[in-house]
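Asker: The structure file protein12.cif (mmCIF, C-alpha atoms) is provided below.
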data_coords
loop_
_atom_site.label_atom_id
_atom_site.label_comp_id
_atom_site.auth_asym_id
_atom_site.auth_seq_id
_atom_site.Cartn_x
_atom_site.Cartn_y
_atom_site.Cartn_z
CA MET A 1096 -80.44 -205.39 65.80
CA HIS A 1097 -77.71 -206.58 63.45
CA SER A 1098 -74.03 -205.90 63.99
CA LEU A 1099 -72.17 -203.88 61.37
CA ALA A 1100 -70.60 -207.08 60.03
CA GLU A 1101 -74.00 -208.82 59.82
CA ARG A 1102 -75.51 -205.75 58.19
CA GLY A 1103 -72.76 -205.79 55.58
CA VAL A 1104 -73.45 -209.46 54.80
CA LEU A 1105 -77.17 -208.79 54.50
CA LEU A 1106 -76.54 -205.90 52.12
CA ALA A 1107 -74.17 -208.01 50.07
CA GLU A 1108 -76.83 -210.73 49.74
CA ARG A 1109 -79.47 -208.31 48.47
CA PRO A 1110 -80.05 -207.87 44.73
CA LYS A 1111 -77.76 -205.22 43.29
CA THR A 1112 -79.38 -201.86 42.62
CA ASN A 1113 -79.60 -201.38 38.86
CA LEU A 1114 -78.07 -198.10 37.65
CA SER A 1115 -77.23 -199.36 34.15
CA GLY A 1116 -80.49 -198.01 32.73
CA LEU A 1117 -80.23 -194.65 34.44
CA SER A 1118 -80.85 -191.91 31.87
CA ASP A 1119 -82.15 -189.02 33.98
CA TRP A 1120 -79.27 -187.23 35.69
CA ASP A 1121 -81.61 -184.43 36.77
CA ALA A 1122 -83.63 -186.89 38.89
CA ALA A 1123 -80.36 -188.23 40.37
CA ARG A 1124 -79.32 -184.66 41.22
CA ILE A 1125 -82.66 -184.06 43.00
CA PHE A 1126 -82.19 -187.34 44.90
CA LEU A 1127 -78.78 -186.12 46.14
CA GLU A 1128 -80.29 -182.80 47.16
CA VAL A 1129 -82.95 -184.53 49.28
CA VAL A 1130 -80.24 -186.63 50.95
CA ARG A 1131 -78.03 -183.60 51.64
CA CYS A 1132 -80.86 -181.37 52.85
CA GLY A 1133 -82.46 -184.08 54.96
CA SER A 1134 -86.03 -183.47 53.81
CA PHE A 1135 -88.18 -183.04 50.71
CA ARG A 1136 -89.23 -179.56 51.82
CA SER A 1137 -85.69 -178.25 52.31
CA ALA A 1138 -84.58 -179.74 48.98
CA ALA A 1139 -87.56 -178.16 47.23
CA GLU A 1140 -86.68 -174.73 48.67
CA ARG A 1141 -83.03 -175.15 47.69
CA LEU A 1142 -83.95 -176.16 44.12
CA SER A 1143 -86.81 -173.62 43.78
CA LEU A 1144 -89.25 -176.46 43.05
CA SER A 1145 -92.56 -177.49 44.61
CA ILE A 1146 -92.55 -180.36 47.09
CA ASN A 1147 -94.83 -182.33 44.76
CA ALA A 1148 -92.38 -181.87 41.88
CA VAL A 1149 -89.53 -183.19 44.05
CA ARG A 1150 -91.62 -186.18 45.13
CA ARG A 1151 -92.52 -187.00 41.50
CA ARG A 1152 -88.85 -186.92 40.48
CA ILE A 1153 -87.90 -189.18 43.40
CA ASP A 1154 -90.67 -191.61 42.40
CA ASP A 1155 -89.28 -191.57 38.84
CA PHE A 1156 -85.79 -192.21 40.16
CA GLU A 1157 -86.96 -195.11 42.31
CA ARG A 1158 -88.59 -196.68 39.23
CA GLN A 1159 -85.36 -196.24 37.24
CA THR A 1160 -83.21 -197.81 39.97
CA GLY A 1161 -85.76 -200.50 40.76
CA THR A 1162 -85.59 -199.96 44.49
CA THR A 1163 -87.09 -197.97 47.37
CA LEU A 1164 -84.70 -195.16 48.30
CA PHE A 1165 -86.60 -193.51 51.15
CA THR A 1166 -89.09 -194.44 53.80
CA ARG A 1167 -91.42 -191.76 55.14
CA ASP A 1168 -93.18 -191.56 58.47
CA VAL A 1169 -94.40 -188.90 60.89
CA HIS A 1170 -90.81 -188.28 61.98
CA GLY A 1171 -89.56 -187.42 58.49
CA THR A 1172 -87.68 -188.97 55.56
CA HIS A 1173 -85.20 -191.80 56.09
CA LEU A 1174 -82.71 -193.22 53.62
CA THR A 1175 -82.97 -197.00 53.12
CA ASP A 1176 -79.90 -199.26 53.02
CA GLU A 1177 -80.38 -199.54 49.26
CA GLY A 1178 -80.65 -195.77 49.07
CA ALA A 1179 -77.30 -195.42 50.87
CA LEU A 1180 -75.69 -197.58 48.17
CA VAL A 1181 -77.24 -195.42 45.47
CA VAL A 1182 -75.90 -192.26 47.16
CA SER A 1183 -72.32 -193.47 46.74
CA ALA A 1184 -72.91 -194.39 43.10
CA VAL A 1185 -74.59 -191.09 42.26
CA GLU A 1186 -71.89 -189.07 44.02
CA ARG A 1187 -69.32 -190.81 41.80
CA MET A 1188 -71.46 -189.87 38.80
CA GLU A 1189 -71.57 -186.26 40.02
CA ALA A 1190 -67.78 -186.13 40.38
CA ALA A 1191 -67.33 -187.68 36.93
CA THR A 1192 -69.72 -185.11 35.44
CA PHE A 1193 -67.72 -182.25 36.92
CA ASP A 1194 -64.51 -183.80 35.53
CA VAL A 1195 -66.05 -183.96 32.06
CA LEU A 1196 -67.21 -180.35 32.29
CA ARG A 1197 -63.78 -179.16 33.37
CA ALA A 1198 -62.07 -181.20 30.67
CA SER A 1199 -64.31 -179.75 27.97
CA ASP A 1200 -63.73 -176.28 29.37
CA SER A 1201 -59.96 -176.65 29.22
CA MET A 1202 -60.14 -177.82 25.61
CA ALA A 1203 -62.24 -174.83 24.59
CA ASN A 1204 -60.75 -171.53 23.53
CA ALA A 1205 -58.92 -170.40 26.67
CA LEU A 1206 -60.27 -166.85 26.75
CA SER A 1207 -63.78 -167.36 25.40
CA GLY A 1208 -66.90 -168.91 26.81
CA GLU A 1209 -68.93 -168.25 29.92
CA VAL A 1210 -67.90 -167.55 33.52
CA ARG A 1211 -70.57 -167.77 36.22
CA VAL A 1212 -70.03 -165.41 39.14
CA ALA A 1213 -72.30 -165.59 42.19
CA VAL A 1214 -72.23 -162.61 44.54
CA THR A 1215 -74.35 -161.03 47.25
CA GLU A 1216 -76.98 -158.72 45.83
CA GLY A 1217 -75.60 -155.44 47.20
CA LEU A 1218 -71.99 -156.01 46.15
CA GLY A 1219 -73.13 -157.29 42.77
CA THR A 1220 -75.46 -154.37 42.08
CA PHE A 1221 -73.48 -151.47 43.49
CA TRP A 1222 -69.84 -152.58 43.17
CA LEU A 1223 -69.23 -155.27 40.56
CA ALA A 1224 -71.84 -154.57 37.89
CA PRO A 1225 -70.77 -150.94 37.29
CA ARG A 1226 -67.11 -152.01 37.02
CA LEU A 1227 -67.38 -155.25 35.01
CA VAL A 1228 -66.99 -153.18 31.85
CA GLU A 1229 -63.25 -153.20 32.66
CA PHE A 1230 -63.19 -157.00 32.48
CA GLN A 1231 -65.33 -157.13 29.35
CA GLN A 1232 -63.12 -154.64 27.55
CA ALA A 1233 -60.06 -156.72 28.40
CA TYR A 1234 -61.71 -160.06 27.49
CA PRO A 1235 -64.50 -159.33 24.97
CA LYS A 1236 -65.13 -163.01 24.12
CA ILE A 1237 -65.91 -164.02 27.71
CA LEU A 1238 -69.57 -163.95 28.69
CA VAL A 1239 -70.02 -163.05 32.37
CA ASP A 1240 -73.11 -164.53 34.02
CA LEU A 1241 -73.43 -162.38 37.16
CA HIS A 1242 -75.89 -163.95 39.59
CA CYS A 1243 -76.78 -161.58 42.45
CA ALA A 1244 -78.54 -163.21 45.39
CA MET A 1245 -78.25 -163.38 49.17
CA ARG A 1246 -78.21 -167.20 49.17
CA SER A 1247 -74.62 -168.41 49.19
CA ALA A 1248 -73.64 -170.40 46.07
CA ASP A 1249 -71.74 -173.68 46.48
CA VAL A 1250 -68.88 -173.89 43.97
CA SER A 1251 -68.05 -177.45 45.07
CA ARG A 1252 -71.42 -178.47 43.60
CA HIS A 1253 -70.90 -176.46 40.43
CA GLU A 1254 -73.55 -173.83 41.27
CA ALA A 1255 -71.07 -171.18 40.08
CA ASP A 1256 -67.49 -170.97 38.83
CA VAL A 1257 -66.62 -168.26 41.34
CA ALA A 1258 -68.62 -167.08 44.35
CA ILE A 1259 -68.33 -164.16 46.76
CA HIS A 1260 -69.67 -164.55 50.30
CA LEU A 1261 -70.12 -162.47 53.46
CA SER A 1262 -69.25 -165.42 55.70
CA ARG A 1263 -66.55 -168.04 55.33
CA PRO A 1264 -67.85 -171.10 53.41
CA SER A 1265 -67.55 -174.38 55.29
CA ALA A 1266 -66.91 -176.72 52.34
CA LEU A 1267 -63.50 -178.41 52.57
CA ASP A 1268 -62.81 -179.13 48.89
CA ILE A 1269 -62.69 -175.52 47.65
CA LYS A 1270 -60.14 -172.72 47.38
CA LEU A 1271 -60.73 -169.61 49.50
CA VAL A 1272 -59.41 -166.06 49.21
CA ARG A 1273 -60.20 -163.41 51.82
CA LEU A 1274 -60.84 -160.31 49.70
CA GLY A 1275 -61.31 -157.66 52.35
CA ARG A 1276 -63.76 -156.41 54.95
CA MET A 1277 -67.06 -154.57 54.69
CA HIS A 1278 -67.83 -152.11 57.51
CA LEU A 1279 -71.51 -151.50 58.32
CA MET A 1280 -72.89 -148.21 59.65
CA PHE A 1281 -76.21 -146.55 60.39
CA TRP A 1282 -77.33 -144.04 57.73
CA ALA A 1283 -80.21 -141.62 57.18
CA SER A 1284 -81.24 -139.27 54.39
CA GLU A 1285 -81.09 -135.49 54.62
CA LYS A 1286 -84.89 -135.47 54.38
CA TYR A 1287 -85.25 -137.83 57.36
CA ILE A 1288 -82.77 -135.91 59.53
CA GLU A 1289 -84.47 -132.59 58.77
CA LYS A 1290 -87.77 -134.04 60.02
CA HIS A 1291 -86.70 -136.37 62.86
CA GLY A 1292 -83.16 -135.33 63.79
CA ALA A 1293 -80.02 -137.50 63.91
CA PRO A 1294 -79.60 -140.00 66.79
CA ARG A 1295 -76.15 -140.12 68.37
CA SER A 1296 -76.45 -143.29 70.47
CA ALA A 1297 -78.21 -146.64 70.55
CA ALA A 1298 -80.50 -145.27 73.27
CA GLU A 1299 -81.59 -142.42 71.00
CA LEU A 1300 -81.91 -144.82 68.04
CA ILE A 1301 -84.78 -146.62 69.79
CA LYS A 1302 -86.89 -143.46 69.39
CA HIS A 1303 -86.51 -143.53 65.59
CA ARG A 1304 -87.81 -145.48 62.57
CA LEU A 1305 -85.70 -148.26 61.02
CA VAL A 1306 -85.64 -149.87 57.60
CA LEU A 1307 -83.63 -153.12 57.47
CA GLN A 1308 -82.69 -155.81 54.98
CA PHE A 1309 -83.31 -159.39 56.10
CA ALA A 1310 -81.34 -161.95 54.09
CA ASP A 1311 -79.55 -165.28 54.60
CA GLN A 1312 -75.95 -164.03 54.65
CA LEU A 1313 -76.62 -161.01 56.87
CA ALA A 1314 -78.05 -162.76 59.94
CA ALA A 1315 -80.10 -159.57 60.39
CA LYS A 1316 -82.53 -161.00 62.94
CA GLU A 1317 -79.69 -162.11 65.24
CA SER A 1318 -77.93 -158.77 64.82
CA PHE A 1319 -81.12 -156.85 65.61
CA GLU A 1320 -81.67 -158.86 68.81
CA SER A 1321 -78.07 -158.37 69.95
CA PHE A 1322 -78.10 -154.61 69.27
CA PHE A 1323 -81.61 -154.03 70.67
CA PRO A 1324 -82.01 -156.67 73.42
CA GLY A 1325 -85.59 -157.04 74.57
CA VAL A 1326 -86.96 -154.73 71.85
CA SER A 1327 -89.55 -156.07 69.43
CA GLU A 1328 -89.02 -155.57 65.71
CA ARG A 1329 -92.50 -154.07 65.51
CA ASP A 1330 -91.48 -151.33 67.93
CA LEU A 1331 -88.70 -150.06 65.66
CA LEU A 1332 -89.10 -151.30 62.11
CA VAL A 1333 -91.31 -149.53 59.61
CA MET A 1334 -90.13 -151.58 56.64
CA LYS A 1335 -88.26 -154.85 55.91
CA THR A 1336 -86.82 -155.79 52.53
CA ASN A 1337 -85.02 -158.82 51.12
CA VAL A 1338 -82.70 -156.95 48.74
CA SER A 1339 -80.22 -154.18 49.46
CA SER A 1340 -81.15 -152.00 46.47
CA ALA A 1341 -84.78 -151.64 47.62
CA ASN A 1342 -83.54 -151.14 51.18
CA TYR A 1343 -81.09 -148.44 50.10
CA TRP A 1344 -83.53 -146.39 48.05
CA ALA A 1345 -86.24 -146.60 50.74
CA VAL A 1346 -83.81 -145.06 53.24
CA ALA A 1347 -82.50 -142.56 50.69
CA ASN A 1348 -86.07 -141.32 50.21
CA GLY A 1349 -86.64 -140.78 53.92
CA ALA A 1350 -88.49 -143.96 55.00
CA GLY A 1351 -86.24 -144.41 58.01
CA ILE A 1352 -82.73 -145.15 59.26
CA GLY A 1353 -80.87 -148.03 57.59
CA VAL A 1354 -77.69 -150.08 57.87
CA PHE A 1355 -75.28 -150.01 54.92
CA PRO A 1356 -71.58 -150.43 54.19
CA SER A 1357 -69.32 -147.41 54.63
CA TYR A 1358 -69.20 -146.98 50.84
CA ALA A 1359 -72.92 -146.05 50.81
CA ILE A 1360 -71.86 -142.42 50.77
CA ALA A 1361 -70.95 -142.91 47.09
CA LEU A 1362 -74.18 -144.47 45.86
CA GLY A 1363 -75.87 -141.23 44.90
CA GLY A 1364 -78.74 -141.06 47.38
CA LYS A 1365 -77.51 -138.22 49.60
CA LEU A 1366 -77.23 -140.44 52.66
CA ILE A 1367 -75.51 -139.14 55.79
CA PRO A 1368 -73.54 -141.50 58.08
CA LEU A 1369 -74.76 -141.41 61.68
CA GLU A 1370 -72.36 -141.34 64.62
CA VAL A 1371 -73.95 -144.36 66.29
CA GLU A 1372 -71.35 -147.09 66.75
CA LEU A 1373 -72.41 -150.37 65.16
CA ASN A 1374 -69.05 -152.19 65.07
CA ARG A 1375 -70.18 -155.06 62.86
CA PRO A 1376 -67.69 -155.72 60.06
CA LEU A 1377 -68.27 -158.54 57.56
CA ASP A 1378 -65.37 -160.37 55.95
CA ILE A 1379 -65.66 -160.81 52.18
CA TRP A 1380 -64.63 -164.24 50.86
CA LEU A 1381 -64.07 -165.56 47.35
CA SER A 1382 -64.42 -169.30 46.68
CA TYR A 1383 -63.78 -171.48 43.64
CA HIS A 1384 -63.28 -175.15 42.85
CA PRO A 1385 -59.57 -176.09 42.44
CA GLY A 1386 -60.30 -177.56 39.00
CA SER A 1387 -62.17 -174.46 37.83
CA GLY A 1388 -59.26 -172.28 38.93
CA ARG A 1389 -57.11 -173.95 36.27
CA ILE A 1390 -59.46 -172.91 33.45
CA PRO A 1391 -57.87 -169.75 31.92
CA ARG A 1392 -61.06 -167.67 31.60
CA VAL A 1393 -62.07 -168.48 35.20
CA ARG A 1394 -58.55 -167.75 36.42
CA HIS A 1395 -58.64 -164.32 34.76
CA MET A 1396 -61.97 -163.59 36.46
CA ILE A 1397 -60.57 -164.68 39.84
CA ASP A 1398 -57.56 -162.41 39.44
CA TRP A 1399 -59.76 -159.50 38.37
CA LEU A 1400 -62.08 -159.96 41.36
CA ILE A 1401 -59.17 -160.07 43.80
CA GLU A 1402 -57.94 -156.77 42.40
CA ALA A 1403 -61.47 -155.31 42.40
CA PHE A 1404 -61.57 -155.70 46.19
CA ASN A 1405 -57.96 -154.67 46.81
CA PRO A 1406 -57.97 -152.83 50.18
CA ALA A 1407 -54.79 -150.98 49.23
CA ARG A 1408 -56.70 -149.28 46.41
CA PHE A 1409 -60.17 -149.10 47.94
CA PRO A 1410 -60.15 -147.95 51.60
CA TRP A 1411 -63.77 -149.06 52.25
CA PHE A 1412 -62.52 -152.69 52.07
CA LYS A 1413 -59.63 -152.25 54.52
CA GLU A 1414 -59.22 -154.31 57.67
CA GLU A 1415 -59.54 -151.21 59.83
CA PHE A 1416 -62.55 -148.91 59.62
CA VAL A 1417 -62.11 -145.78 57.48
CA HIS A 1418 -64.83 -143.18 57.98
CA PRO A 1419 -66.65 -142.19 54.76
CA HIS A 1420 -65.66 -138.56 55.31
CA GLU A 1421 -62.00 -139.68 55.01
CA PHE A 1422 -62.42 -141.40 51.64
CA LYS A 1423 -61.39 -138.31 49.67
CA ASP A 1424 -58.09 -138.22 51.55
CA SER A 1425 -57.32 -141.94 51.37
CA TYR A 1426 -58.64 -142.76 47.88
CA MET A 1427 -57.02 -141.38 44.76
CA GLY A 1428 -59.02 -142.30 41.67
CA GLU A 1429 -62.07 -141.50 39.58
CA PRO A 1430 -65.08 -139.85 41.29
CA LEU A 1431 -66.74 -142.25 43.72
CA THR A 1432 -70.23 -141.95 42.21
CA GLN A 1433 -68.75 -142.91 38.85
CA LEU A 1434 -66.79 -145.79 40.40
CA PHE A 1435 -69.91 -147.22 42.05
CA GLY A 1436 -72.27 -146.43 39.20
CA GLY A 1437 -74.28 -144.11 41.43
CA PHE A 1438 -76.04 -140.94 40.33
CA SER A 1439 -73.91 -137.84 40.66
CA THR A 1440 -75.50 -135.32 42.98
CA GLU A 1441 -72.93 -132.54 42.64
CA GLU A 1442 -75.08 -130.36 40.36
CA GLN A 1443 -78.14 -130.78 42.59
CA ARG A 1444 -76.59 -129.27 45.68
#
Using C-alpha cells, write down the structure that the file contains.
Answerer:
Amino acid sequence: MHSLAERGVLLAERPKTNLSGLSDWDAARIFLEVVRCGSFRSAAERLSLSINAVRRRIDDFERQTGTTLFTRDVHGTHLTDEGALVVSAVERMEAATFDVLRASDSMANALSGEVRVAVTEGLGTFWLAPRLVEFQQAYPKILVDLHCAMRSADVSRHEADVAIHLSRPSALDIKLVRLGRMHLMFWASEKYIEKHGAPRSAAELIKHRLVLQFADQLAAKESFESFFPGVSERDLLVMKTNVSSANYWAVANGAGIGVFPSYAIALGGKLIPLEVELNRPLDIWLSYHPGSGRIPRVRHMIDWLIEAFNPARFPWFKEEFVHPHEFKDSYMGEPLTQLFGGFSTEEQR
C-alpha cells in the first residue's frame, strides 16, 4: 500500500488525462451520474436509460478521455485514480455550464422565457395546475413547464428552476423555503360507507379494504408498517397506485379507504373524512438555486408559489390541523371546488 504522499507522486507522474478533445457533454453528465449514484444500474434508473445505454456512453467517454475511468468486478463499480481526476474536471465543467446558463438567462428579457417547476404529482395536479392561470395572466410571456412526479427534483443539478418537496432536501448549496404543512387523513366515499360502514379506530380499520399510493416522497411502506404493525399488505390492500390522481378516483368510486390531505374534501369526489386519527403531517418545502433566484422570471414564480401556499389564506396548509368541516368557517374565498379545479357536486345532491 502506498501512503497518501506516495500516491500523489504516482498520480503526478502518470500521463495527464486528455479533456481537450472532449465534445460530448452528455456523456460527461452520465459519467457524473454513475459516480454520484455509485452504480450503473442506479444511474440508469435516475436517467431513465437502459443499463446498456449507460455503459455505451461510459465507453464513449473513456475513448474521448483516453483513459479507464472505472473497474468492474463482482463487488460492483470502482472509480480509478484517473477517473477521480476526471470527476474534478467534469464537475468544474458542470459548474461553468450552469454559470453560462444563468448568465444567458439574466441577459434575456426579464419577464419572458421558460420557468421549470417540479412538484409532487398530487399538489401539481390538484392545487397548482388549476391555479396557474393566475400566474399566466399576470406574466403572459413566461412559459411554465410544470413537471409533476413523486421523484424529488434536484435544483442544484439544474433538474428544475424551482422544486416543491414533501421532505426537506439535503443539498447544502440551495435556498429553502418552508411553505406550509399538509395534513393526511383517512377518507372513504359515500358509496363505500353505505356498503361497509365507517371505521372509527385503527382496530376497526383492519376489517376494511384499503387503497394506497406508494411513491418515493411518501414513504408509504414505512408508514403502513408503523400504523399496522405485524399486518401484511395483502391482508388489507385491495389496490396500490403510483400516482395520487388514480388513487383518489379509485377511492372516490368506492374501491376502498384511502389516505389523502385534508383538502381532499374539495376535489369533487364526494369523499367523507373518517374519524380515525392518523397524525402524519408532511412539511412542504420549496427549493431553488441561489443563482436562479436572481433571474426575474424565476423570482416571480418563487414569490407566486410562496403566496399560493400561504397558510394564512389557505387553512389546509396551516401548522396546526384544521378539520375539513371547519374550512367554510376559516376560509373566505371562492368556492373550494373551483379553487382546486374539482368538479362541483352541489347540483347532484
Asker: Residues at most 9 Å from Gly1217 in chain A, counting all atoms listed in the file, excluding those fewer than 3 positions away in the same chain, as a VMD selection string?
Answerer: chain A and resid 1214 1220 to 1222 1243 to 1245 1338 to 1340
Asker: For Glu1157 in chain A, which of A:Val1181, A:Leu1400, A:Leu1261, A:Leu1238 is the closest residue, counting all atoms listed in the file?
Answerer: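 Closest to Glu1157 in chain A of all the choices is A:Val1181.
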Asker: Considering all atoms listed in the file, can you say which of A:Leu1373, A:His1242, A:Ser1425, A:Ala1310 comes closest to Ala1407 in chain A?
Answerer: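 For Ala1407 in chain A, the nearest of the candidates is A:Ser1425.
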Asker: Please report the interatomic distance between CA of Leu1366 in chain A and CA of Ser1318 in chain A in Å with one decimal.
Answerer: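 Answer for the CA of Leu1366 in chain A to CA of Ser1318 in chain A separation: 22.0 Å.
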Asker: Rank nothing, just name the residue among A:Thr1166, A:Gly1349, A:Phe1355, A:Ile1301 nearest to Leu1331 in chain A, using all atoms listed in the file.
Answerer: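 Ranking A:Thr1166, A:Gly1349, A:Phe1355, A:Ile1301 by distance to Leu1331 in chain A, first place goes to A:Ile1301.
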Asker: Please complete range 1137-1165 of chain A so it has N, CA and C atoms, and hand it over as a short mmCIF file (atom, residue, chain, number, x, y, z; two decimals), keeping the file's coordinate frame.
Answerer:
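Wrote part.cif, looks like this:
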data_model
loop_
_atom_site.label_atom_id
_atom_site.label_comp_id
_atom_site.auth_asym_id
_atom_site.auth_seq_id
_atom_site.Cartn_x
_atom_site.Cartn_y
_atom_site.Cartn_z
N SER A 1137 -86.92 -179.03 52.40
CA SER A 1137 -85.69 -178.25 52.31
C SER A 1137 -85.07 -178.36 50.92
N ALA A 1138 -85.12 -179.56 50.34
CA ALA A 1138 -84.58 -179.74 48.98
C ALA A 1138 -85.39 -178.93 47.98
N ALA A 1139 -86.71 -178.92 48.14
CA ALA A 1139 -87.56 -178.16 47.23
C ALA A 1139 -87.24 -176.67 47.30
N GLU A 1140 -87.03 -176.15 48.52
CA GLU A 1140 -86.68 -174.73 48.67
C GLU A 1140 -85.32 -174.45 48.04
N ARG A 1141 -84.37 -175.34 48.25
CA ARG A 1141 -83.03 -175.15 47.69
C ARG A 1141 -83.04 -175.15 46.17
N LEU A 1142 -83.91 -176.01 45.58
CA LEU A 1142 -83.95 -176.16 44.12
C LEU A 1142 -84.99 -175.25 43.47
N SER A 1143 -85.73 -174.49 44.29
CA SER A 1143 -86.81 -173.62 43.78
C SER A 1143 -87.86 -174.43 43.03
N LEU A 1144 -88.21 -175.59 43.60
CA LEU A 1144 -89.25 -176.46 43.05
C LEU A 1144 -90.35 -176.64 44.10
N SER A 1145 -91.51 -177.13 43.65
CA SER A 1145 -92.56 -177.49 44.61
C SER A 1145 -92.22 -178.83 45.24
N ILE A 1146 -92.78 -179.07 46.42
CA ILE A 1146 -92.55 -180.36 47.09
C ILE A 1146 -93.09 -181.50 46.23
N ASN A 1147 -94.24 -181.28 45.60
CA ASN A 1147 -94.83 -182.33 44.76
C ASN A 1147 -93.93 -182.65 43.57
N ALA A 1148 -93.29 -181.63 43.01
CA ALA A 1148 -92.38 -181.87 41.88
C ALA A 1148 -91.19 -182.70 42.33
N VAL A 1149 -90.65 -182.41 43.53
CA VAL A 1149 -89.53 -183.19 44.05
C VAL A 1149 -89.95 -184.63 44.29
N ARG A 1150 -91.14 -184.82 44.86
CA ARG A 1150 -91.62 -186.18 45.13
C ARG A 1150 -91.80 -186.96 43.83
N ARG A 1151 -92.34 -186.31 42.79
CA ARG A 1151 -92.52 -187.00 41.50
C ARG A 1151 -91.18 -187.45 40.93
N ARG A 1152 -90.15 -186.57 41.03
CA ARG A 1152 -88.85 -186.92 40.48
C ARG A 1152 -88.19 -188.05 41.27
N ILE A 1153 -88.43 -188.07 42.58
CA ILE A 1153 -87.90 -189.18 43.40
C ILE A 1153 -88.61 -190.48 43.05
N ASP A 1154 -89.93 -190.41 42.82
CA ASP A 1154 -90.67 -191.61 42.40
C ASP A 1154 -90.12 -192.11 41.07
N ASP A 1155 -89.86 -191.19 40.13
CA ASP A 1155 -89.28 -191.57 38.84
C ASP A 1155 -87.93 -192.24 39.03
N PHE A 1156 -87.13 -191.67 39.93
CA PHE A 1156 -85.79 -192.21 40.16
C PHE A 1156 -85.85 -193.60 40.79
N GLU A 1157 -86.80 -193.78 41.69
CA GLU A 1157 -86.96 -195.11 42.31
C GLU A 1157 -87.36 -196.14 41.26
N ARG A 1158 -88.22 -195.74 40.30
CA ARG A 1158 -88.59 -196.68 39.23
C ARG A 1158 -87.38 -197.01 38.36
N GLN A 1159 -86.54 -196.00 38.07
CA GLN A 1159 -85.36 -196.24 37.24
C GLN A 1159 -84.38 -197.19 37.93
N THR A 1160 -84.19 -196.99 39.24
CA THR A 1160 -83.21 -197.81 39.97
C THR A 1160 -83.80 -199.14 40.41
N GLY A 1161 -85.13 -199.25 40.38
CA GLY A 1161 -85.76 -200.50 40.76
C GLY A 1161 -85.71 -200.78 42.24
N THR A 1162 -85.67 -199.74 43.06
CA THR A 1162 -85.59 -199.96 44.49
C THR A 1162 -86.24 -198.81 45.25
N THR A 1163 -86.56 -199.03 46.50
CA THR A 1163 -87.09 -197.97 47.37
C THR A 1163 -85.92 -197.25 48.02
N LEU A 1164 -85.84 -195.95 47.81
CA LEU A 1164 -84.70 -195.16 48.30
C LEU A 1164 -84.97 -194.52 49.65
N PHE A 1165 -86.24 -194.17 49.90
CA PHE A 1165 -86.60 -193.51 51.15
C PHE A 1165 -87.80 -194.20 51.78
#
